[in-house]
Amino acid sequence: MYIDFEDISEHSSDVDVCIIGGGAAGISMAITLSKQGHRVLLCEGGDADYSERSQDSYRGETVGDAYIPLYGARLRYLGGSTNHWGGVCRPLDRYDFSAKTAASETAWPIGRDALAPYYRAAASMLDLTPTPADQPISGSGLKRIYFSLGNPTRLKDKYAATLSESTTLACCLTANLVALKTQDGKVTSATFRNYQGDLRQVQARYFVLACGGIDNSRLLLWCNHQTQGQLIPQHDALGRYWMEHPHATVGKALLFNPAALGLDDEYNVFLSPTANTIASRQILNCGLRLHRMNPEATQELTDELAEQAPTLAGRLSTWQAQGQVIHGIVLRAAWEQEPHYDNRVELSDELDELGVPRSRLVWRQSELDRHTIRESMLVLGEYLRANDLGRLQLADWLAETPVQLPTDGELAGRHHMGGTRMSLNAEEGIVNPDCRLFAQDNFYVAGSSVFASGGHANPTLTLVQLALRLCDHLGSRLAQGDQPAAV
């Protein structure tokens, strides 16, 4: 059921879990916990639909490499960025949870087995289509991978009836977190402000912050400042290790044997390096996206490559005369970014309408990030040439030494990860493997901000799996009568 902001304090007198943020993680948790019979209060800072007054809080500045304006990178209303989500999903690879040889910071404190039990429920919640198992491509150092590409689910629409009719779930809109109070290692209350400037306090047994991969950091930085460091005493990692999935068009290729990569039947094929390739090439994970060109574009690429390589020109002319099928492809990529301490969310000096400092994002791609995309393309090019399956043409920016990143185009996937990193200890992260703040017994963080590393896969499925895992953890604690969490 929906409740008015004016009544939120009164309603919170007997709340089991207060969830702050109504995006993919927040709604997933609210629906799941309420169906289990727990009393849930879902506080969403935005309106039921898009509004400028809510979206304005996402304005901020960026420092470093070219990036998408923060104002337009996410949506701030009920349903969050699932309201413009493309629906593309796959799990992280098993080796994404382990330390990669090129960057030990990529290790998670949990393995993929910790999330596997929640795949089916998460897939059902997101309406994902089944996908085939990954298929290694012999002799290539690559594997063919698959994404769920079904119709994207708008969670606020899918669960509209539950949000409005549930007797165990209360949803309050325009409830913006502006402060937290803590005493003796527990958060005792959360303060919310609406757009008229009214303030209300909420008490709950447990709190979950689920405001996205930038605002989770921003709000914790602000609340920690207000509590003079009592919320997160060891805060060196707060806002740090922020990550994206850089995206770019990385080249073209001419395939003499499209069937070798599955492009005889498909128009889009996805590849990634194997675990052995990642280790031997000293790279991070990367997703290569191969898109078949139309016949006209294929002919243009054929003519271009024939002009550059006269020996190849004769073969191409003969093959075309014989009716051999040759396909041109455009290559795009999304690659894993190194978890780097200096990439971070900070508080700016400017306040938003609610009195909270705006975000300042410091984001730069490292030498390892650049090495990853270049080497991933070279692996594909070497395979095509060695087996005479085709020829690869790197994008101009990728062919330069050192690699010069593009400053326009796609740039990134709007996949905000890290900042409230999951870790085994408070010196290296912000939440423990249960997603709980180290210094607070009853405060948790949900969403991709807890990712220790990002692989190359879109993060939505993984963050929903983590959210459902957190539901089990909270359900267990509630059933045990609020026993203190293990340190």
# chains A, B, ... in the order shown; residues from 1 in each chain; ligands from 1
>>> residues_around(residues="Pro136 of chain A", least_positions_apart="2", cutoff="12 Å", atoms="only C-alpha atoms", output="list in words")
Ala133, Asp134, Ser138, Gly139, Ser140, Gly141, Leu142, Lys143, Arg144, Ile145, Tyr146, Ala260, Leu261, Phe270, Leu271, Ser272, Pro273, Thr274, Ala275, Asn276 and Thr277 of chain A
>>> write_last_selection(atoms="N, CA, C and O atoms", output="compact mmCIF listing (two decimals), in the first residue's frame")
# COMPACT_ATOMS: atom_id res chain seq x y z
N ALA A 133 24.57 -22.67 -22.82
CA ALA A 133 25.83 -22.61 -22.11
C ALA A 133 26.91 -22.00 -23.01
O ALA A 133 26.85 -22.11 -24.24
N ASP A 134 27.89 -21.35 -22.41
CA ASP A 134 29.00 -20.80 -23.17
C ASP A 134 29.71 -21.92 -23.92
O ASP A 134 29.80 -23.06 -23.45
N SER A 138 37.54 -23.63 -30.28
CA SER A 138 38.81 -24.35 -30.26
C SER A 138 39.93 -23.55 -30.93
O SER A 138 39.78 -23.04 -32.04
N GLY A 139 41.04 -23.46 -30.21
CA GLY A 139 42.24 -22.84 -30.76
C GLY A 139 42.21 -21.33 -30.81
O GLY A 139 43.12 -20.71 -31.37
N SER A 140 41.21 -20.71 -30.22
CA SER A 140 41.07 -19.25 -30.35
C SER A 140 41.42 -18.48 -29.10
O SER A 140 41.73 -17.28 -29.17
N GLY A 141 41.33 -19.14 -27.92
CA GLY A 141 41.46 -18.40 -26.68
C GLY A 141 40.22 -17.61 -26.35
O GLY A 141 40.21 -16.79 -25.41
N LEU A 142 39.14 -17.85 -27.09
CA LEU A 142 37.87 -17.16 -26.92
C LEU A 142 36.76 -18.17 -26.70
O LEU A 142 36.90 -19.36 -26.99
N LYS A 143 35.64 -17.70 -26.19
CA LYS A 143 34.45 -18.53 -26.10
C LYS A 143 33.26 -17.72 -26.59
O LYS A 143 33.24 -16.48 -26.51
N ARG A 144 32.29 -18.43 -27.14
CA ARG A 144 31.05 -17.78 -27.52
C ARG A 144 30.14 -17.73 -26.31
O ARG A 144 29.96 -18.73 -25.61
N ILE A 145 29.62 -16.56 -26.02
CA ILE A 145 28.78 -16.36 -24.85
C ILE A 145 27.40 -15.89 -25.28
O ILE A 145 27.18 -15.48 -26.42
N TYR A 146 26.47 -15.95 -24.33
CA TYR A 146 25.08 -15.63 -24.64
C TYR A 146 24.50 -14.71 -23.57
O TYR A 146 24.85 -14.81 -22.39
N ALA A 260 32.35 -20.15 -38.79
CA ALA A 260 33.29 -20.46 -37.72
C ALA A 260 32.95 -19.71 -36.44
O ALA A 260 33.27 -20.17 -35.33
N LEU A 261 32.30 -18.55 -36.56
CA LEU A 261 31.89 -17.76 -35.39
C LEU A 261 30.38 -17.71 -35.22
O LEU A 261 29.88 -16.95 -34.38
N PHE A 270 28.31 -12.89 -29.59
CA PHE A 270 29.07 -12.35 -28.47
C PHE A 270 30.21 -13.29 -28.11
O PHE A 270 30.01 -14.51 -28.00
N LEU A 271 31.38 -12.73 -27.92
CA LEU A 271 32.57 -13.50 -27.56
C LEU A 271 33.23 -12.90 -26.32
O LEU A 271 33.06 -11.71 -26.04
N SER A 272 33.98 -13.71 -25.62
CA SER A 272 34.82 -13.19 -24.53
C SER A 272 36.04 -14.07 -24.38
O SER A 272 36.03 -15.24 -24.80
N PRO A 273 37.12 -13.56 -23.80
CA PRO A 273 38.32 -14.38 -23.59
C PRO A 273 38.06 -15.45 -22.54
O PRO A 273 37.28 -15.26 -21.61
N THR A 274 38.73 -16.58 -22.69
CA THR A 274 38.64 -17.65 -21.69
C THR A 274 39.48 -17.28 -20.47
O THR A 274 40.28 -16.35 -20.50
N ALA A 275 39.31 -18.04 -19.41
CA ALA A 275 40.08 -17.80 -18.18
C ALA A 275 41.57 -17.92 -18.46
O ALA A 275 42.38 -17.13 -17.94
N ASN A 276 41.96 -18.89 -19.28
CA ASN A 276 43.39 -19.06 -19.60
C ASN A 276 43.93 -17.87 -20.37
O ASN A 276 45.07 -17.44 -20.14
N THR A 277 43.14 -17.35 -21.29
CA THR A 277 43.57 -16.18 -22.05
C THR A 277 43.72 -14.97 -21.15
O THR A 277 44.69 -14.20 -21.26
>>> residues_around(residues="Asp352 of chain A", least_positions_apart="4", cutoff="12 Å", atoms="only C-alpha atoms", output="list of chain:residue names")
A:Arg53, A:Ser54, A:Gln55, A:Asp56, A:Ser57, A:Tyr58, A:Arg59, A:Gly60, A:Asn176, A:Val178, A:Tyr195, A:Arg218, A:Leu347, A:Ser348, A:Val356, A:Pro357, A:Arg358, A:Ser359
>>> write_last_selection(atoms="N, CA and C atoms", output="compact mmCIF listing (two decimals), in the first residue's frame")
# COMPACT_ATOMS: atom_id res chain seq x y z
N ARG A 53 12.13 17.68 -10.64
CA ARG A 53 12.54 17.99 -9.28
C ARG A 53 13.32 16.85 -8.64
N SER A 54 12.95 15.63 -8.99
CA SER A 54 13.69 14.48 -8.47
C SER A 54 14.98 14.25 -9.25
N GLN A 55 14.89 14.30 -10.57
CA GLN A 55 16.06 14.01 -11.41
C GLN A 55 17.19 15.01 -11.14
N ASP A 56 16.84 16.21 -10.71
CA ASP A 56 17.85 17.24 -10.47
C ASP A 56 18.89 16.82 -9.43
N SER A 57 18.52 15.95 -8.51
CA SER A 57 19.48 15.51 -7.48
C SER A 57 20.63 14.72 -8.06
N TYR A 58 20.48 14.23 -9.29
CA TYR A 58 21.54 13.47 -9.93
C TYR A 58 22.56 14.35 -10.66
N ARG A 59 22.33 15.64 -10.68
CA ARG A 59 23.34 16.50 -11.31
C ARG A 59 24.62 16.46 -10.50
N GLY A 60 25.73 16.46 -11.21
CA GLY A 60 27.03 16.44 -10.54
C GLY A 60 28.12 16.69 -11.55
N ASN A 176 13.16 11.31 0.75
CA ASN A 176 14.57 11.39 0.42
C ASN A 176 15.43 11.32 1.68
N VAL A 178 18.19 12.07 4.17
CA VAL A 178 19.10 13.20 4.36
C VAL A 178 19.98 13.03 5.59
N TYR A 195 9.91 17.34 -0.93
CA TYR A 195 10.27 18.51 -1.74
C TYR A 195 9.67 19.80 -1.21
N ARG A 218 27.36 8.55 -2.19
CA ARG A 218 27.12 9.96 -1.86
C ARG A 218 26.39 10.09 -0.53
N LEU A 347 31.99 14.18 -2.45
CA LEU A 347 30.98 15.20 -2.25
C LEU A 347 31.49 16.52 -2.81
N SER A 348 30.66 17.19 -3.60
CA SER A 348 31.04 18.50 -4.12
C SER A 348 30.64 19.58 -3.10
N VAL A 356 21.61 18.15 0.31
CA VAL A 356 22.66 17.13 0.30
C VAL A 356 23.70 17.52 -0.76
N PRO A 357 24.99 17.44 -0.44
CA PRO A 357 26.01 17.77 -1.45
C PRO A 357 25.86 16.90 -2.70
N ARG A 358 26.08 17.51 -3.85
CA ARG A 358 26.02 16.78 -5.10
C ARG A 358 27.25 15.88 -5.25
N SER A 359 27.18 14.99 -6.21
CA SER A 359 28.27 14.05 -6.46
C SER A 359 29.35 14.70 -7.32
>>> select_by_dssp(residues="segment 261-391 of chain A", states="strand (DSSP E)", output="PyMOL selection string")
chain A and resi 268-273+286-292+327-335+344-351+357-363+390-391
>>> write_last_selection(atoms="N, CA, C and O atoms", output="compact mmCIF listing (two decimals), in the first residue's frame")
# COMPACT_ATOMS: atom_id res chain seq x y z
N ASN A 268 24.05 -11.24 -34.73
CA ASN A 268 24.81 -10.73 -33.59
C ASN A 268 25.38 -11.90 -32.81
O ASN A 268 24.65 -12.83 -32.45
N VAL A 269 26.68 -11.86 -32.56
CA VAL A 269 27.36 -12.92 -31.81
C VAL A 269 28.23 -12.26 -30.76
O VAL A 269 28.83 -11.19 -31.00
N PHE A 270 28.31 -12.89 -29.59
CA PHE A 270 29.07 -12.35 -28.47
C PHE A 270 30.21 -13.29 -28.11
O PHE A 270 30.01 -14.51 -28.00
N LEU A 271 31.38 -12.73 -27.92
CA LEU A 271 32.57 -13.50 -27.56
C LEU A 271 33.23 -12.90 -26.32
O LEU A 271 33.06 -11.71 -26.04
N SER A 272 33.98 -13.71 -25.62
CA SER A 272 34.82 -13.19 -24.53
C SER A 272 36.04 -14.07 -24.38
O SER A 272 36.03 -15.24 -24.80
N PRO A 273 37.12 -13.56 -23.80
CA PRO A 273 38.32 -14.38 -23.59
C PRO A 273 38.06 -15.45 -22.54
O PRO A 273 37.28 -15.26 -21.61
N CYS A 286 36.42 -9.21 -20.86
CA CYS A 286 35.97 -8.34 -21.94
C CYS A 286 34.89 -9.04 -22.75
O CYS A 286 34.98 -10.25 -23.00
N GLY A 287 33.87 -8.29 -23.15
CA GLY A 287 32.83 -8.82 -24.01
C GLY A 287 32.93 -8.19 -25.39
O GLY A 287 32.83 -6.97 -25.53
N LEU A 288 33.15 -9.01 -26.41
CA LEU A 288 33.20 -8.53 -27.80
C LEU A 288 31.86 -8.80 -28.45
O LEU A 288 31.32 -9.91 -28.35
N ARG A 289 31.34 -7.80 -29.15
CA ARG A 289 30.01 -7.90 -29.74
C ARG A 289 30.13 -7.74 -31.25
O ARG A 289 30.50 -6.67 -31.74
N LEU A 290 29.87 -8.81 -31.96
CA LEU A 290 30.06 -8.86 -33.40
C LEU A 290 28.71 -8.70 -34.08
O LEU A 290 27.79 -9.50 -33.88
N HIS A 291 28.59 -7.68 -34.93
CA HIS A 291 27.33 -7.36 -35.60
C HIS A 291 27.53 -7.44 -37.12
O HIS A 291 28.40 -6.76 -37.67
N ARG A 292 26.73 -8.27 -37.77
CA ARG A 292 26.88 -8.47 -39.21
C ARG A 292 26.48 -7.22 -39.98
O ARG A 292 25.47 -6.59 -39.70
N HIS A 327 31.16 -12.10 -45.02
CA HIS A 327 30.42 -11.13 -44.24
C HIS A 327 31.36 -10.12 -43.60
O HIS A 327 32.40 -10.48 -43.04
N GLY A 328 30.98 -8.87 -43.69
CA GLY A 328 31.66 -7.85 -42.90
C GLY A 328 30.97 -7.73 -41.56
O GLY A 328 29.75 -7.94 -41.45
N ILE A 329 31.74 -7.42 -40.54
CA ILE A 329 31.15 -7.25 -39.21
C ILE A 329 31.69 -5.97 -38.57
O ILE A 329 32.83 -5.57 -38.80
N VAL A 330 30.85 -5.36 -37.78
CA VAL A 330 31.27 -4.26 -36.91
C VAL A 330 31.50 -4.84 -35.53
O VAL A 330 30.71 -5.66 -35.04
N LEU A 331 32.60 -4.45 -34.91
CA LEU A 331 32.93 -4.96 -33.57
C LEU A 331 32.76 -3.86 -32.54
O LEU A 331 33.35 -2.78 -32.66
N ARG A 332 31.95 -4.16 -31.55
CA ARG A 332 31.80 -3.30 -30.39
C ARG A 332 32.25 -4.09 -29.17
O ARG A 332 32.34 -5.32 -29.21
N ALA A 333 32.51 -3.37 -28.09
CA ALA A 333 33.01 -4.08 -26.91
C ALA A 333 32.57 -3.37 -25.64
O ALA A 333 32.32 -2.16 -25.62
N ALA A 334 32.46 -4.17 -24.58
CA ALA A 334 32.27 -3.67 -23.22
C ALA A 334 33.27 -4.43 -22.37
O ALA A 334 33.25 -5.66 -22.35
N TRP A 335 34.14 -3.72 -21.69
CA TRP A 335 35.20 -4.43 -20.98
C TRP A 335 35.23 -4.08 -19.50
O TRP A 335 34.72 -3.05 -19.06
N ARG A 344 36.61 7.33 -7.91
CA ARG A 344 35.83 7.52 -6.68
C ARG A 344 34.67 8.48 -6.87
O ARG A 344 34.64 9.29 -7.79
N VAL A 345 33.73 8.37 -5.92
CA VAL A 345 32.65 9.34 -5.74
C VAL A 345 33.02 10.22 -4.56
O VAL A 345 33.38 9.72 -3.49
N GLU A 346 32.94 11.53 -4.74
CA GLU A 346 33.20 12.50 -3.68
C GLU A 346 31.99 13.40 -3.51
O GLU A 346 31.07 13.41 -4.34
N LEU A 347 31.99 14.18 -2.45
CA LEU A 347 30.98 15.20 -2.25
C LEU A 347 31.49 16.52 -2.81
O LEU A 347 32.62 16.93 -2.52
N SER A 348 30.66 17.19 -3.60
CA SER A 348 31.04 18.50 -4.12
C SER A 348 30.64 19.58 -3.10
O SER A 348 30.01 19.30 -2.08
N ASP A 349 31.00 20.81 -3.39
CA ASP A 349 30.64 21.92 -2.51
C ASP A 349 29.23 22.42 -2.75
O ASP A 349 28.71 23.22 -1.97
N GLU A 350 28.62 21.98 -3.82
CA GLU A 350 27.26 22.44 -4.18
C GLU A 350 26.22 21.51 -3.59
O GLU A 350 26.36 20.29 -3.65
N LEU A 351 25.15 22.08 -3.02
CA LEU A 351 24.06 21.29 -2.45
C LEU A 351 22.92 21.17 -3.45
O LEU A 351 22.66 22.07 -4.24
N PRO A 357 24.99 17.44 -0.44
CA PRO A 357 26.01 17.77 -1.45
C PRO A 357 25.86 16.90 -2.70
O PRO A 357 25.56 15.72 -2.62
N ARG A 358 26.08 17.51 -3.85
CA ARG A 358 26.02 16.78 -5.10
C ARG A 358 27.25 15.88 -5.25
O ARG A 358 28.23 16.01 -4.53
N SER A 359 27.18 14.99 -6.21
CA SER A 359 28.27 14.05 -6.46
C SER A 359 29.35 14.70 -7.32
O SER A 359 29.08 15.51 -8.21
N ARG A 360 30.55 14.29 -7.04
CA ARG A 360 31.70 14.60 -7.89
C ARG A 360 32.36 13.27 -8.21
O ARG A 360 32.87 12.59 -7.31
N LEU A 361 32.34 12.88 -9.48
CA LEU A 361 32.86 11.58 -9.90
C LEU A 361 34.24 11.76 -10.52
O LEU A 361 34.41 12.51 -11.49
N VAL A 362 35.21 11.06 -9.98
CA VAL A 362 36.56 11.02 -10.53
C VAL A 362 36.73 9.66 -11.20
O VAL A 362 36.70 8.63 -10.53
N TRP A 363 36.90 9.68 -12.53
CA TRP A 363 36.90 8.42 -13.30
C TRP A 363 37.93 8.48 -14.42
O TRP A 363 37.86 9.34 -15.31
N GLY A 390 39.50 -14.80 -41.73
CA GLY A 390 39.13 -13.42 -41.97
C GLY A 390 40.27 -12.49 -41.61
O GLY A 390 41.38 -12.91 -41.29
N ARG A 391 40.00 -11.19 -41.69
CA ARG A 391 40.98 -10.17 -41.34
C ARG A 391 40.30 -9.11 -40.47
O ARG A 391 39.15 -8.74 -40.70
>>> closest_atom_pairs(of="segment 330-440 of chain A", to="segment 187-191 of chain A", cutoff="12 Å", atoms="only C-alpha atoms", output="CSV")
residue,atom,partner,partner_atom,distance
A:Leu354,CA,A:Thr191,CA,11.9
A:Arg436,CA,A:Val187,CA,11.8
A:Leu437,CA,A:Val187,CA,10.4
A:Ala439,CA,A:Val187,CA,9.8
A:Gln440,CA,A:Val187,CA,6.6
>>> residues_around(residues="segment 421-435 of chain A", least_positions_apart="5", cutoff="8 Å", atoms="only C-alpha atoms", output="MDAnalysis selection string")
chainID A and resid 108:110 232 234:238 240:241 444:446 449:452 470 473
>>> write_last_selection(atoms="C-alpha atoms", output="PDB file, in the first residue's frame")
ATOM      1  CA  TRP A 108      35.363 -10.910  -4.187  1.00  0.00           C
ATOM      2  CA  PRO A 109      35.047 -12.214  -0.610  1.00  0.00           C
ATOM      3  CA  ILE A 110      32.354 -14.581  -1.919  1.00  0.00           C
ATOM      4  CA  ILE A 232      31.682   4.341   9.181  1.00  0.00           C
ATOM      5  CA  GLN A 234      37.105   3.270   8.940  1.00  0.00           C
ATOM      6  CA  HIS A 235      36.039   5.169   5.865  1.00  0.00           C
ATOM      7  CA  ASP A 236      39.143   5.267   3.661  1.00  0.00           C
ATOM      8  CA  ALA A 237      37.480   3.005   1.074  1.00  0.00           C
ATOM      9  CA  LEU A 238      34.136   4.848   1.065  1.00  0.00           C
ATOM     10  CA  ARG A 240      36.533   4.371  -3.726  1.00  0.00           C
ATOM     11  CA  TYR A 241      37.108   1.619  -6.301  1.00  0.00           C
ATOM     12  CA  TYR A 444      22.965  -2.923   4.950  1.00  0.00           C
ATOM     13  CA  VAL A 445      23.730  -1.793   1.414  1.00  0.00           C
ATOM     14  CA  ALA A 446      22.177  -3.322  -1.711  1.00  0.00           C
ATOM     15  CA  SER A 449      27.863  -0.402  -5.387  1.00  0.00           C
ATOM     16  CA  VAL A 450      28.945  -3.429  -3.305  1.00  0.00           C
ATOM     17  CA  PHE A 451      30.626  -5.124  -6.291  1.00  0.00           C
ATOM     18  CA  ALA A 452      34.287  -5.843  -5.670  1.00  0.00           C
ATOM     19  CA  LEU A 470      20.346 -10.370   1.474  1.00  0.00           C
ATOM     20  CA  HIS A 473      20.027 -13.159   5.536  1.00  0.00           C
TER      21      HIS A 473
END
>>> select_by_dssp(residues="segment 120-353 of chain A", states="alpha helix (DSSP H)", output="count of residues only")
64
>>> closest_residue(among="A:Arg74, A:His225, A:His84, A:His11", to="His415 of chain A", atoms="only C-alpha atoms")
A:Arg74
>>> atom_distance(atom1="atom CA of Asp303 of chain A", atom2="atom CA of Gly409 of chain A")
25.9 Å
>>> residues_around(residues="Met125 of chain A", least_positions_apart="2", cutoff="12 Å", atoms="only C-alpha atoms", output="compact mmCIF listing (two decimals) with N, CA, C and O atoms, in the first residue's frame")
# COMPACT_ATOMS: atom_id res chain seq x y z
N ALA A 24 15.97 -1.48 -8.91
CA ALA A 24 15.98 -2.94 -9.09
C ALA A 24 16.23 -3.67 -7.77
O ALA A 24 15.52 -4.63 -7.43
N ALA A 25 17.23 -3.22 -7.01
CA ALA A 25 17.54 -3.89 -5.75
C ALA A 25 16.45 -3.65 -4.72
O ALA A 25 16.00 -4.58 -4.04
N ILE A 27 13.18 -2.67 -4.98
CA ILE A 27 11.88 -3.30 -5.25
C ILE A 27 11.99 -4.81 -5.11
O ILE A 27 11.09 -5.46 -4.55
N SER A 28 13.07 -5.40 -5.60
CA SER A 28 13.24 -6.86 -5.47
C SER A 28 13.18 -7.28 -4.01
O SER A 28 12.52 -8.26 -3.65
N MET A 29 13.86 -6.53 -3.16
CA MET A 29 13.88 -6.87 -1.74
C MET A 29 12.53 -6.61 -1.08
O MET A 29 12.05 -7.41 -0.28
N ILE A 31 9.50 -6.60 -2.39
CA ILE A 31 8.51 -7.59 -2.81
C ILE A 31 8.78 -8.93 -2.13
O ILE A 31 7.87 -9.58 -1.59
N THR A 32 10.04 -9.34 -2.10
CA THR A 32 10.40 -10.65 -1.55
C THR A 32 10.15 -10.71 -0.05
O THR A 32 9.54 -11.66 0.46
N GLY A 87 17.27 -4.65 -20.71
CA GLY A 87 16.93 -6.04 -20.49
C GLY A 87 18.03 -7.03 -20.80
O GLY A 87 17.81 -8.24 -20.76
N TYR A 118 20.20 -18.14 -6.13
CA TYR A 118 19.25 -17.06 -6.34
C TYR A 118 19.07 -16.73 -7.82
O TYR A 118 18.35 -15.79 -8.16
N TYR A 119 19.69 -17.53 -8.67
CA TYR A 119 19.59 -17.24 -10.11
C TYR A 119 18.15 -17.42 -10.59
O TYR A 119 17.61 -16.55 -11.29
N ARG A 120 17.52 -18.52 -10.24
CA ARG A 120 16.18 -18.81 -10.77
C ARG A 120 15.18 -17.74 -10.34
O ARG A 120 14.39 -17.25 -11.15
N ALA A 121 15.23 -17.34 -9.06
CA ALA A 121 14.29 -16.33 -8.58
C ALA A 121 14.57 -14.98 -9.22
O ALA A 121 13.63 -14.24 -9.57
N ALA A 122 15.84 -14.63 -9.38
CA ALA A 122 16.19 -13.36 -10.01
C ALA A 122 15.77 -13.35 -11.47
O ALA A 122 15.24 -12.35 -11.97
N ALA A 123 16.00 -14.46 -12.16
CA ALA A 123 15.62 -14.55 -13.57
C ALA A 123 14.11 -14.41 -13.73
O ALA A 123 13.61 -13.77 -14.67
N ASP A 127 12.18 -11.55 -15.65
CA ASP A 127 11.62 -12.13 -16.87
C ASP A 127 12.69 -12.43 -17.92
O ASP A 127 12.55 -12.12 -19.10
N LEU A 128 13.77 -13.08 -17.49
CA LEU A 128 14.86 -13.37 -18.39
C LEU A 128 14.57 -14.62 -19.22
O LEU A 128 13.93 -15.55 -18.76
N THR A 129 15.04 -14.62 -20.45
CA THR A 129 14.90 -15.78 -21.32
C THR A 129 16.06 -16.74 -21.09
O THR A 129 17.19 -16.30 -20.82
N PRO A 152 12.62 -5.99 -21.92
CA PRO A 152 13.02 -5.49 -20.59
C PRO A 152 11.82 -5.31 -19.67
O PRO A 152 10.76 -4.82 -20.08
N THR A 153 12.00 -5.73 -18.42
CA THR A 153 10.94 -5.65 -17.42
C THR A 153 11.01 -4.32 -16.68
O THR A 153 12.08 -3.90 -16.24
N ARG A 154 9.88 -3.65 -16.57
CA ARG A 154 9.75 -2.43 -15.77
C ARG A 154 9.18 -2.85 -14.41
O ARG A 154 7.99 -3.15 -14.29
N LEU A 155 10.03 -2.91 -13.40
CA LEU A 155 9.63 -3.50 -12.13
C LEU A 155 8.46 -2.77 -11.48
O LEU A 155 7.61 -3.39 -10.84
N LYS A 156 8.40 -1.45 -11.61
CA LYS A 156 7.29 -0.73 -10.97
C LYS A 156 5.96 -1.07 -11.62
O LYS A 156 4.91 -1.02 -10.98
N LYS A 158 5.46 -4.16 -13.29
CA LYS A 158 5.21 -5.59 -13.05
C LYS A 158 4.63 -5.81 -11.66
O LYS A 158 3.76 -6.66 -11.48
N TYR A 159 5.12 -5.04 -10.67
CA TYR A 159 4.68 -5.25 -9.29
C TYR A 159 3.77 -4.13 -8.79
O TYR A 159 3.67 -3.90 -7.59
N THR A 460 22.74 -5.96 -13.77
CA THR A 460 21.41 -6.04 -13.15
C THR A 460 21.11 -7.40 -12.56
O THR A 460 20.62 -7.51 -11.43
N LEU A 461 21.37 -8.47 -13.29
CA LEU A 461 21.09 -9.81 -12.77
C LEU A 461 21.87 -10.07 -11.49
O LEU A 461 21.32 -10.56 -10.50
N VAL A 464 20.50 -8.17 -8.46
CA VAL A 464 19.24 -8.74 -7.96
C VAL A 464 19.51 -10.04 -7.22
O VAL A 464 18.90 -10.32 -6.18
N GLN A 465 20.43 -10.86 -7.72
CA GLN A 465 20.82 -12.07 -6.98
C GLN A 465 21.35 -11.70 -5.58
O GLN A 465 20.99 -12.33 -4.59
N ALA A 467 20.64 -9.03 -3.90
CA ALA A 467 19.52 -8.50 -3.12
C ALA A 467 18.68 -9.64 -2.53
O ALA A 467 18.26 -9.58 -1.36
N LEU A 468 18.44 -10.68 -3.33
CA LEU A 468 17.65 -11.81 -2.83
C LEU A 468 18.43 -12.60 -1.78
O LEU A 468 17.84 -13.13 -0.82
>>> atom_distance(atom1="atom CA of Tyr50 of chain A", atom2="atom CA of Thr174 of chain A")
11.8 Å
>>> residues_around(residues="segment 92-99 of chain A", least_positions_apart="4", cutoff="6 Å", atoms="only C-alpha atoms", output="list in words")
Ser104, Thr106, Ala107, Trp108, Gly111, Arg112, Gly455 and Ala457 of chain A
>>> write_last_selection(atoms="N, CA, C and O atoms", output="PDB file, in the first residue's frame")
ATOM      1  N   SER A 104      44.945  -8.063  -8.497  1.00  0.00           N
ATOM      2  CA  SER A 104      44.477  -8.855  -7.358  1.00  0.00           C
ATOM      3  C   SER A 104      43.230  -8.248  -6.720  1.00  0.00           C
ATOM      4  O   SER A 104      42.460  -8.957  -6.054  1.00  0.00           O
ATOM      5  N   THR A 106      40.549  -7.560  -7.971  1.00  0.00           N
ATOM      6  CA  THR A 106      39.308  -8.041  -8.578  1.00  0.00           C
ATOM      7  C   THR A 106      38.641  -9.138  -7.761  1.00  0.00           C
ATOM      8  O   THR A 106      37.510  -9.531  -8.056  1.00  0.00           O
ATOM      9  N   ALA A 107      39.293  -9.653  -6.723  1.00  0.00           N
ATOM     10  CA  ALA A 107      38.728 -10.760  -5.937  1.00  0.00           C
ATOM     11  C   ALA A 107      37.550 -10.295  -5.088  1.00  0.00           C
ATOM     12  O   ALA A 107      37.595  -9.243  -4.455  1.00  0.00           O
ATOM     13  N   TRP A 108      36.500 -11.090  -5.086  1.00  0.00           N
ATOM     14  CA  TRP A 108      35.363 -10.910  -4.187  1.00  0.00           C
ATOM     15  C   TRP A 108      35.601 -11.743  -2.918  1.00  0.00           C
ATOM     16  O   TRP A 108      36.294 -12.771  -2.973  1.00  0.00           O
ATOM     17  N   GLY A 111      32.165 -16.344  -3.568  1.00  0.00           N
ATOM     18  CA  GLY A 111      32.272 -16.917  -4.897  1.00  0.00           C
ATOM     19  C   GLY A 111      30.928 -16.944  -5.601  1.00  0.00           C
ATOM     20  O   GLY A 111      29.895 -16.608  -5.020  1.00  0.00           O
ATOM     21  N   ARG A 112      30.946 -17.360  -6.865  1.00  0.00           N
ATOM     22  CA  ARG A 112      29.678 -17.388  -7.616  1.00  0.00           C
ATOM     23  C   ARG A 112      28.701 -18.382  -7.013  1.00  0.00           C
ATOM     24  O   ARG A 112      27.469 -18.218  -7.141  1.00  0.00           O
ATOM     25  N   GLY A 455      33.541  -7.776 -13.844  1.00  0.00           N
ATOM     26  CA  GLY A 455      33.500  -8.584 -15.046  1.00  0.00           C
ATOM     27  C   GLY A 455      33.169  -7.710 -16.244  1.00  0.00           C
ATOM     28  O   GLY A 455      33.483  -6.520 -16.273  1.00  0.00           O
ATOM     29  N   ALA A 457      29.881  -8.402 -17.792  1.00  0.00           N
ATOM     30  CA  ALA A 457      28.446  -8.586 -17.976  1.00  0.00           C
ATOM     31  C   ALA A 457      27.658  -7.447 -17.346  1.00  0.00           C
ATOM     32  O   ALA A 457      28.045  -6.900 -16.302  1.00  0.00           O
TER      33      ALA A 457
END
>>> residues_around(residues="Thr372 of chain A", least_positions_apart="6", cutoff="10 Å", atoms="only C-alpha atoms", output="PyMOL selection string")
chain A and resi 102+278+281-286+335-338+366+378
